[in-house]
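target-v2.txt, holding compact mmCIF, C-alpha atoms and all ligand atoms:
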```txt
# COMPACT_ATOMS: atom_id res chain seq x y z
CA MET R 116 -15.27 -26.17 -39.13
CA ALA R 117 -16.19 -28.48 -36.18
CA PRO R 118 -13.77 -28.15 -33.19
CA THR R 119 -11.31 -31.03 -32.79
CA THR R 120 -11.85 -33.41 -29.85
CA ASN R 121 -9.08 -31.64 -27.92
CA GLU R 122 -10.51 -28.18 -28.57
CA GLN R 123 -13.97 -29.45 -27.60
CA THR R 124 -12.58 -30.97 -24.40
CA ILE R 125 -10.86 -27.73 -23.44
CA LEU R 126 -13.99 -25.75 -24.31
CA GLU R 127 -16.18 -28.02 -22.19
CA HIS R 128 -13.61 -27.88 -19.37
CA ASP R 129 -13.61 -24.10 -19.53
CA LEU R 130 -17.37 -23.83 -19.49
CA LYS R 131 -18.50 -26.32 -16.88
CA ASP R 132 -15.71 -27.23 -14.47
CA PHE R 133 -14.71 -23.90 -12.99
CA LYS R 134 -16.39 -22.01 -10.18
CA THR R 135 -15.79 -18.27 -9.82
CA LEU R 136 -14.60 -16.77 -6.53
CA GLU R 137 -17.91 -14.93 -6.22
CA GLN R 138 -19.89 -18.17 -6.71
CA TYR R 139 -17.69 -19.90 -4.12
CA ILE R 140 -18.07 -17.05 -1.60
CA ILE R 141 -21.88 -17.10 -1.96
CA GLU R 142 -21.92 -20.90 -1.56
CA GLN R 143 -19.89 -20.56 1.63
CA GLN R 144 -22.15 -17.73 2.85
CA ASP R 145 -25.22 -19.94 2.37
CA ARG R 146 -23.73 -22.33 4.95
CA PHE R 147 -24.40 -19.65 7.59
CA PRO R 148 -28.17 -18.94 7.60
CA HIS R 149 -27.80 -15.77 9.69
CA SER R 150 -25.07 -14.38 7.46
CA THR R 151 -25.72 -10.81 6.35
CA GLY R 152 -23.45 -11.04 3.33
CA ALA R 153 -21.08 -8.39 4.77
CA PHE R 154 -18.09 -10.74 4.83
CA SER R 155 -18.83 -11.86 1.26
CA ARG R 156 -18.88 -8.24 0.17
CA LEU R 157 -15.58 -7.60 1.99
CA LEU R 158 -13.90 -10.47 0.09
CA ARG R 159 -15.40 -9.06 -3.12
CA ASP R 160 -13.81 -5.68 -2.36
CA ILE R 161 -10.40 -7.29 -1.73
CA SER R 162 -10.55 -9.37 -4.91
CA LEU R 163 -11.47 -6.25 -6.93
CA ALA R 164 -8.42 -4.38 -5.61
CA ALA R 165 -6.28 -7.44 -6.41
CA LYS R 166 -7.47 -7.37 -10.04
CA ILE R 167 -6.63 -3.66 -10.32
CA VAL R 168 -3.15 -4.14 -8.82
CA ASN R 169 -2.66 -7.09 -11.16
CA ARG R 170 -3.61 -4.91 -14.15
CA ASP R 171 -1.08 -2.23 -13.12
CA MET R 172 1.56 -4.84 -12.35
CA ARG R 173 1.25 -6.48 -15.76
CA ARG R 174 1.98 -3.11 -17.43
CA ALA R 175 4.98 -2.25 -15.21
CA GLY R 176 7.73 -1.12 -17.54
CA LEU R 177 5.18 0.38 -19.93
CA VAL R 178 3.59 2.81 -17.47
CA ASP R 179 5.52 4.74 -14.87
CA VAL R 180 5.25 2.30 -11.93
CA HIS R 181 8.88 1.20 -11.75
CA GLY R 182 11.29 2.66 -9.27
CA THR R 183 10.75 4.46 -5.99
CA THR R 184 8.52 7.27 -4.76
CA GLY R 185 11.48 8.84 -3.00
CA GLU R 186 9.65 8.26 0.29
CA THR R 187 10.67 5.95 3.13
CA ASN R 188 7.89 3.94 4.77
CA VAL R 189 7.39 3.38 8.47
CA GLN R 190 9.63 0.32 8.19
CA GLY R 191 12.53 2.54 7.12
CA GLU R 192 12.38 0.89 3.69
CA VAL R 193 12.45 2.86 0.44
CA GLN R 194 8.88 2.87 -0.89
CA GLN R 195 8.45 1.55 -4.44
CA LYS R 196 5.92 3.30 -6.71
CA MET R 197 3.93 0.07 -6.90
CA ASP R 198 3.83 -0.11 -3.07
CA ALA R 199 2.07 3.25 -2.96
CA LEU R 200 -0.23 2.33 -5.86
CA ALA R 201 -1.23 -1.02 -4.38
CA HIS R 202 -1.85 0.57 -0.97
CA LYS R 203 -4.07 3.21 -2.59
CA GLU R 204 -6.08 0.66 -4.59
CA PHE R 205 -6.84 -1.50 -1.55
CA VAL R 206 -7.77 1.50 0.62
CA LEU R 207 -10.07 2.83 -2.14
CA ALA R 208 -11.77 -0.56 -2.65
CA LEU R 209 -12.28 -1.09 1.10
CA ARG R 210 -13.51 2.49 1.59
CA ARG R 211 -15.99 2.15 -1.30
CA GLY R 212 -17.25 -1.22 -0.02
CA GLY R 213 -18.03 0.06 3.50
CA GLU R 214 -17.55 -3.32 5.23
CA CYS R 215 -14.16 -2.37 6.72
CA CYS R 216 -13.86 0.27 9.46
CA LEU R 217 -10.09 0.18 10.03
CA ILE R 218 -7.04 -0.66 7.92
CA GLY R 219 -3.52 -1.42 9.13
CA SER R 220 -1.09 -1.25 6.22
CA GLU R 221 2.65 -1.76 5.91
CA GLU R 222 2.69 1.41 3.83
CA HIS R 223 1.10 3.67 6.47
CA ALA R 224 2.52 4.46 9.89
CA GLU R 225 -0.87 4.84 11.59
CA ALA R 226 -3.98 2.66 11.34
CA ILE R 227 -6.45 4.19 8.84
CA PRO R 228 -10.09 4.61 10.03
CA LEU R 229 -12.61 4.35 7.18
CA SER R 230 -15.89 6.18 7.63
CA THR R 231 -18.52 3.78 6.35
CA ASN R 232 -20.47 6.75 4.84
CA GLY R 233 -23.69 4.77 5.10
CA GLU R 234 -22.41 1.94 2.88
CA GLY R 235 -21.84 -1.45 4.51
CA ASP R 236 -21.76 -2.47 8.17
CA GLY R 237 -18.15 -1.48 8.83
CA LYS R 238 -17.61 -4.33 11.26
CA TYR R 239 -14.32 -5.71 9.92
CA ILE R 240 -10.68 -4.74 10.30
CA VAL R 241 -8.21 -5.48 7.47
CA LEU R 242 -4.45 -5.70 7.98
CA LEU R 243 -2.49 -5.52 4.79
CA ASP R 244 0.88 -5.82 3.14
CA PRO R 245 -0.25 -4.25 -0.15
CA LEU R 246 2.78 -5.43 -2.09
CA ASP R 247 5.36 -7.67 -0.46
CA GLY R 248 8.70 -8.06 -2.19
CA SER R 249 8.07 -4.97 -4.31
CA SER R 250 11.79 -4.29 -4.84
CA ASN R 251 11.61 -7.27 -7.22
CA ILE R 252 9.14 -5.59 -9.58
CA ASP R 253 11.79 -3.70 -11.54
CA VAL R 254 13.48 -7.02 -12.35
CA ASN R 255 10.24 -8.88 -13.18
CA VAL R 256 10.25 -11.27 -10.22
CA SER R 257 6.87 -12.29 -8.78
CA VAL R 258 5.51 -10.39 -5.77
CA GLY R 259 2.39 -10.60 -3.64
CA THR R 260 -0.30 -9.02 -1.47
CA ILE R 261 -1.07 -10.40 2.00
CA PHE R 262 -4.28 -9.68 3.95
CA SER R 263 -5.67 -10.56 7.37
CA ILE R 264 -9.26 -9.96 8.51
CA TYR R 265 -10.57 -9.51 12.07
CA ARG R 266 -13.96 -8.54 13.44
CA LEU R 267 -14.23 -5.21 15.23
CA PRO R 268 -14.25 -6.37 18.86
CA ASP R 269 -17.28 -5.64 21.08
CA GLY R 270 -16.98 -2.37 22.90
CA HIS R 271 -15.22 -0.62 20.02
CA ASP R 272 -16.97 2.12 18.03
CA LYS R 273 -16.90 1.44 14.27
CA ASP R 274 -17.13 5.19 13.65
CA LYS R 275 -14.11 5.92 15.87
CA PRO R 276 -12.02 2.72 15.66
CA LYS R 277 -8.68 2.78 17.46
CA VAL R 278 -5.54 0.84 16.55
CA GLU R 279 -5.98 -1.25 19.72
CA ALA R 280 -8.99 -2.87 18.03
CA ALA R 281 -6.61 -4.30 15.44
CA LEU R 282 -4.06 -5.68 17.92
CA GLN R 283 -5.65 -9.13 18.28
CA PRO R 284 -3.77 -12.46 18.35
CA GLY R 285 -3.71 -14.40 15.08
CA THR R 286 -6.11 -16.99 16.51
CA GLU R 287 -8.86 -14.32 16.29
CA GLN R 288 -8.54 -13.91 12.51
CA VAL R 289 -11.82 -14.36 10.61
CA ALA R 290 -9.96 -14.91 7.35
CA ALA R 291 -6.53 -14.56 5.80
CA GLY R 292 -5.21 -14.71 2.28
CA TYR R 293 -2.64 -13.67 -0.26
CA VAL R 294 -2.43 -12.82 -3.94
CA VAL R 295 0.65 -14.01 -5.81
CA TYR R 296 1.34 -12.05 -9.01
CA GLY R 297 3.40 -14.76 -10.66
CA SER R 298 3.34 -16.68 -13.96
CA SER R 299 -0.39 -16.54 -13.31
CA THR R 300 -2.17 -14.47 -10.66
CA MET R 301 -3.67 -16.49 -7.82
CA LEU R 302 -5.72 -15.57 -4.78
CA VAL R 303 -5.39 -18.10 -1.93
CA TYR R 304 -7.41 -17.72 1.27
CA THR R 305 -8.90 -19.42 4.29
CA THR R 306 -11.82 -18.65 6.60
CA GLY R 307 -10.85 -21.47 8.97
CA ALA R 308 -12.43 -24.27 6.92
CA GLY R 309 -9.45 -25.23 4.76
CA VAL R 310 -7.47 -23.38 2.09
CA ASN R 311 -8.62 -22.74 -1.48
CA GLY R 312 -6.77 -21.23 -4.45
CA PHE R 313 -8.32 -19.22 -7.30
CA THR R 314 -6.51 -18.44 -10.54
CA LEU R 315 -7.31 -15.22 -12.40
CA ASP R 316 -8.52 -15.76 -15.96
CA PRO R 317 -7.65 -12.36 -17.45
CA SER R 318 -9.79 -13.06 -20.52
CA ILE R 319 -12.94 -12.84 -18.38
CA GLY R 320 -11.58 -10.95 -15.34
CA GLU R 321 -12.66 -13.67 -12.91
CA PHE R 322 -10.79 -15.62 -10.24
CA LEU R 323 -11.65 -19.31 -10.88
CA LEU R 324 -11.36 -22.12 -8.30
CA SER R 325 -8.27 -23.99 -9.51
CA HIS R 326 -6.78 -25.38 -6.26
CA PRO R 327 -9.59 -26.66 -3.98
CA ASN R 328 -8.71 -27.77 -0.43
CA ILE R 329 -4.94 -27.18 -0.56
CA ARG R 330 -2.99 -29.47 1.80
CA THR R 331 0.72 -28.88 2.38
CA PRO R 332 3.03 -31.96 2.57
CA ALA R 333 4.19 -32.86 6.10
CA ARG R 334 7.76 -32.44 4.90
CA GLY R 335 9.46 -31.25 1.75
CA ARG R 336 12.92 -31.05 0.23
CA VAL R 337 13.13 -27.25 0.00
CA PHE R 338 14.28 -24.70 2.53
CA SER R 339 14.05 -20.94 1.96
CA ILE R 340 16.37 -18.61 3.88
CA ASN R 341 18.84 -15.84 3.08
CA SER R 342 22.00 -17.83 3.79
CA GLY R 343 23.98 -14.64 3.24
CA TYR R 344 23.32 -13.91 6.91
CA TYR R 345 24.58 -17.38 8.02
CA HIS R 346 27.28 -15.95 10.28
CA SER R 347 24.75 -13.91 12.20
CA PHE R 348 22.33 -16.81 12.82
CA ALA R 349 21.94 -18.52 16.22
CA ASP R 350 24.05 -21.67 16.65
CA GLY R 351 20.96 -23.92 16.68
CA LEU R 352 19.84 -22.52 13.33
CA CYS R 353 23.29 -23.01 11.80
CA ALA R 354 23.19 -26.61 13.06
CA TYR R 355 19.78 -27.09 11.37
CA LEU R 356 20.99 -25.60 8.06
CA ASP R 357 24.10 -27.81 8.17
CA TRP R 358 21.90 -30.86 8.87
CA LEU R 359 19.59 -30.06 5.94
CA GLN R 360 22.61 -30.01 3.60
CA GLU R 361 24.24 -33.27 4.76
CA GLU R 362 24.28 -36.25 2.34
CA ASP R 363 21.70 -38.78 3.53
CA ALA R 364 19.58 -40.31 0.78
CA ASP R 365 17.30 -42.17 3.25
CA SER R 366 16.06 -38.89 4.74
CA GLY R 367 15.98 -37.10 1.38
CA ARG R 368 19.00 -34.93 2.11
CA PRO R 369 20.66 -32.74 0.97
CA CYS R 370 17.62 -30.48 0.67
CA LYS R 371 17.42 -27.77 -2.00
CA MET R 372 17.67 -24.07 -1.15
CA ARG R 373 15.13 -21.93 -2.98
CA TYR R 374 14.93 -18.25 -1.96
CA ILE R 375 13.21 -15.79 -4.29
CA GLY R 376 13.44 -12.75 -2.01
CA SER R 377 9.65 -12.52 -2.20
CA PHE R 378 7.96 -14.10 0.84
CA VAL R 379 4.61 -14.71 -0.88
CA SER R 380 6.29 -16.55 -3.77
CA ASP R 381 8.49 -18.70 -1.53
CA PHE R 382 5.55 -19.42 0.77
CA HIS R 383 3.26 -20.37 -2.13
CA ARG R 384 5.75 -22.80 -3.64
CA ASN R 385 6.42 -24.43 -0.27
CA LEU R 386 2.67 -24.61 0.49
CA LEU R 387 2.02 -26.61 -2.69
CA LYS R 388 5.22 -28.70 -2.83
CA GLY R 389 6.37 -28.86 0.79
CA GLY R 390 9.19 -26.92 2.40
CA ILE R 391 10.05 -24.36 5.05
CA TYR R 392 10.57 -20.58 4.85
CA MET R 393 12.74 -19.05 7.55
CA TYR R 394 13.41 -15.43 8.40
CA PRO R 395 15.12 -15.63 11.80
CA ALA R 396 16.44 -13.00 14.13
CA THR R 397 19.76 -11.65 12.85
CA GLN R 398 22.23 -9.13 14.23
CA SER R 399 20.77 -6.41 11.97
CA SER R 400 17.16 -7.55 12.60
CA PRO R 401 17.07 -8.85 16.21
CA GLU R 402 13.26 -9.26 16.00
CA GLY R 403 13.44 -10.73 12.50
CA LYS R 404 12.20 -8.82 9.43
CA LEU R 405 8.68 -10.08 8.71
CA ARG R 406 5.80 -8.21 10.37
CA LEU R 407 3.53 -10.14 12.74
CA MET R 408 0.15 -8.56 11.97
CA TYR R 409 0.09 -8.52 8.17
CA GLU R 410 2.68 -11.10 7.11
CA ALA R 411 3.32 -13.78 9.75
CA ASN R 412 -0.20 -14.09 11.22
CA PRO R 413 -2.16 -14.39 7.94
CA MET R 414 0.34 -16.82 6.44
CA ALA R 415 0.43 -18.82 9.68
CA PHE R 416 -3.38 -19.14 9.57
CA ILE R 417 -3.16 -20.43 5.99
CA ALA R 418 -0.25 -22.77 6.76
CA GLU R 419 -2.04 -24.35 9.73
CA GLN R 420 -5.33 -24.65 7.82
CA ALA R 421 -3.40 -26.57 5.13
CA GLY R 422 -1.82 -28.89 7.72
CA GLY R 423 1.42 -26.96 8.19
CA ALA R 424 2.83 -24.95 11.09
CA ALA R 425 4.34 -21.55 11.96
CA THR R 426 6.51 -20.54 14.91
CA ASP R 427 8.90 -17.79 15.96
CA GLY R 428 11.28 -20.54 17.10
CA HIS R 429 9.65 -20.88 20.51
CA THR R 430 6.01 -19.75 20.28
CA ARG R 431 3.19 -20.59 17.85
CA ILE R 432 2.83 -17.47 15.68
CA LEU R 433 -0.96 -17.34 16.02
CA GLU R 434 -0.71 -17.21 19.83
CA LYS R 435 1.70 -14.27 19.99
CA THR R 436 0.22 -11.23 21.75
CA PRO R 437 0.59 -8.18 19.51
CA GLU R 438 1.71 -4.91 21.07
CA LYS R 439 2.34 -2.71 18.01
CA LEU R 440 0.85 -2.57 14.54
CA HIS R 441 4.22 -2.93 12.77
CA GLN R 442 6.01 -5.22 15.17
CA ARG R 443 8.31 -7.82 13.64
CA THR R 444 8.80 -11.47 14.49
CA PRO R 445 11.22 -14.24 13.63
CA LEU R 446 9.35 -16.69 11.37
CA PHE R 447 9.66 -20.40 10.57
CA ILE R 448 6.69 -21.50 8.46
CA GLY R 449 5.64 -24.35 6.17
CA SER R 450 5.64 -28.16 6.33
CA ARG R 451 4.79 -29.22 9.87
CA GLU R 452 7.62 -31.76 10.39
CA MET R 453 10.22 -29.29 9.07
CA VAL R 454 8.98 -26.47 11.31
CA GLU R 455 8.99 -28.79 14.34
CA GLN R 456 12.52 -29.91 13.44
CA ALA R 457 13.74 -26.32 13.09
CA GLU R 458 12.25 -25.51 16.50
CA ALA R 459 14.02 -28.54 18.05
CA PHE R 460 17.39 -27.45 16.65
CA LEU R 461 16.82 -23.87 17.81
CA GLN R 462 15.96 -25.09 21.29
CA GLY R 463 18.89 -27.52 21.35
CA THR R 464 16.62 -30.55 21.74
CA ALA R 465 17.08 -31.99 18.23
CA VAL R 466 18.12 -35.62 17.94
CA SER R 467 20.09 -35.82 14.68
CA GLU R 468 18.93 -38.96 12.84
P1 LIG W 1 16.23 -10.16 2.59
C1 LIG W 1 10.67 -8.51 1.04
O1 LIG W 1 11.25 -7.26 1.42
C2 LIG W 1 10.62 -9.37 2.29
O2 LIG W 1 9.81 -8.76 3.23
C3 LIG W 1 10.13 -10.77 1.93
O3 LIG W 1 9.21 -10.76 0.89
C4 LIG W 1 11.41 -11.49 1.57
O4 LIG W 1 11.34 -12.88 1.81
C5 LIG W 1 12.44 -10.82 2.49
O5 LIG W 1 11.94 -9.52 2.80
C6 LIG W 1 13.78 -10.65 1.82
O6 LIG W 1 14.63 -10.06 2.78
O7 LIG W 1 16.81 -9.58 3.87
O8 LIG W 1 16.56 -11.63 2.43
O9 LIG W 1 16.55 -9.36 1.35
```
Show how you would write the structure in this file as structure tokens.
Ligand code: P6P
Amino acid sequence: MAPTTNEQTILEHDLKDFKTLEQYIIEQQDRFPHSTGAFSRLLRDISLAAKIVNRDMRRAGLVDVHGTTGETNVQGEVQQKMDALAHKEFVLALRRGGECCLIGSEEHAEAIPLSTNGEGDGKYIVLLDPLDGSSNIDVNVSVGTIFSIYRLPDGHDKDKPKVEAALQPGTEQVAAGYVVYGSSTMLVYTTGAGVNGFTLDPSIGEFLLSHPNIRTPARGRVFSINSGYYHSFADGLCAYLDWLQEEDADSGRPCKMRYIGSFVSDFHRNLLKGGIYMYPATQSSPEGKLRLMYEANPMAFIAEQAGGAATDGHTRILEKTPEKLHQRTPLFIGSREMVEQAEAFLQGTAVSE
């Protein structure tokens, strides 16, 4: 029986309109005539690990990946089984690929040198939060992976890489991205030439370009923060939160509070729709909670490439000088005008409209 017009349309759309991540990566590589293909292979390795983590994630509850390992990670947080699994999958994929010589992972106290065993050029460093927000897995809330890629700096030996090679400011990132395991699984990344989003089609196991050239609105009507800590916030931040919730139709207030408890999910929604995510310093977390090297820096690179901004309240995130692999930072990230406004309130220079 001939397909209906609608079925035919969808079929044609499926067949001709989408570009796979691999096709896109090769197209981008062709823009650099001297490219060796090493970076393309590195992105391939990361996307493979993301598909494997996605497969395990989608069966959580059916296979034994719920709950904790009984271990505590370097952050002093109880490690979820999926944290350990995701960490292992990314390390395996990067080790097999041979393009990465050093990994810094939230789930491992020390940086992990990868012997390139003859495969690949081993000239990249990958910093990783294998599974952010993993405590949400047991209750079926979306979580994510965050990655940040640097070149091995000159003067460092790829066969004996030291953690110092990874401690570069965010402005030196070659690429950054995240995977959000949500209602669909998306990989979003930048290499400094804009931000593109790829949605996983599980029926063919390919990430397909679904969100080309993502731009984040200059301002939005959503703010994301754990208001449970309100009484431990700085006065300027309380003033900003109060201002966001005042009735003023002309300036689109009151704003809505959306806080999933999963940074990647809150960030992704705000990136597409506009909004600001805030994890400030609190009494219990005087340096904030989010980690500079594998959460704040990669997401700041993406935010800025999409037209947004990211600050610690005083300093542009990408310009912060890292001192330790797991150091934390206060973080205000998202729509540029909202981030600038938050900074003004924090610095006491805001002019309430
Ligand atoms: P709180 C998850 O542990 C995480 O790092 C982010 O994904 C999330 O936004 C935040 O911490 C939640 O922290 O203190 O609000 O529970």
Near-segment 453-455 of chain R list (10 Å; all atoms listed in the file; drop same-chain fewer than 3 positions) as a list of chain:residue names:
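Non-adjacent residues within range: R:Ala333, R:Arg334, R:Gly335, R:Arg336, R:Val337, R:Phe338, R:Leu359, R:Gly389, R:Gly390, R:Ile391, R:Tyr392, R:Met393, R:Gly423, R:Ala424, R:Ala425, R:Thr426, R:Asp427, R:Gly428, R:Leu446, R:Phe447, R:Ile448, R:Gly449, R:Ser450, R:Glu458, R:Ala459, R:Phe460, R:Leu461, R:Ala465.
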Residues within 6 Å of ligand LIG 1 (chain W), counting only C-alpha atoms and all ligand atoms, as a PDB file with C-alpha atoms, keeping the file's coordinate frame:
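Generated file (result04.pdb):
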```
ATOM      1  CA  ASP R 247       5.360  -7.670  -0.460  1.00  0.00           C
ATOM      2  CA  GLY R 248       8.700  -8.060  -2.190  1.00  0.00           C
ATOM      3  CA  ASN R 341      18.840 -15.840   3.080  1.00  0.00           C
ATOM      4  CA  GLY R 376      13.440 -12.750  -2.010  1.00  0.00           C
ATOM      5  CA  SER R 377       9.650 -12.520  -2.200  1.00  0.00           C
ATOM      6  CA  PHE R 378       7.960 -14.100   0.840  1.00  0.00           C
ATOM      7  CA  LEU R 405       8.680 -10.080   8.710  1.00  0.00           C
TER       8      LEU R 405
END
```
Pick from R:His441, R:Arg451, R:His429, R:Arg156 nearest to Ala224 of chain R, counting all atoms listed in the file
R:His441
Check the smallest atom-to-atom distance from each of R:Met301, R:Leu386, R:Ala349, R:Leu158 to Ala457 of chain R using all atoms listed in the file, then report the winner.
R:Ala349
Considering all atoms listed in the file, return as a ChimeraX atom specification whatever protein or nucleic-acid residues lie within 10 Å of Leu200 of chain R, sequence-local ones (same chain, fewer than 6 positions apart) excluded.
/R:167-168,171-172,180,206,245-246
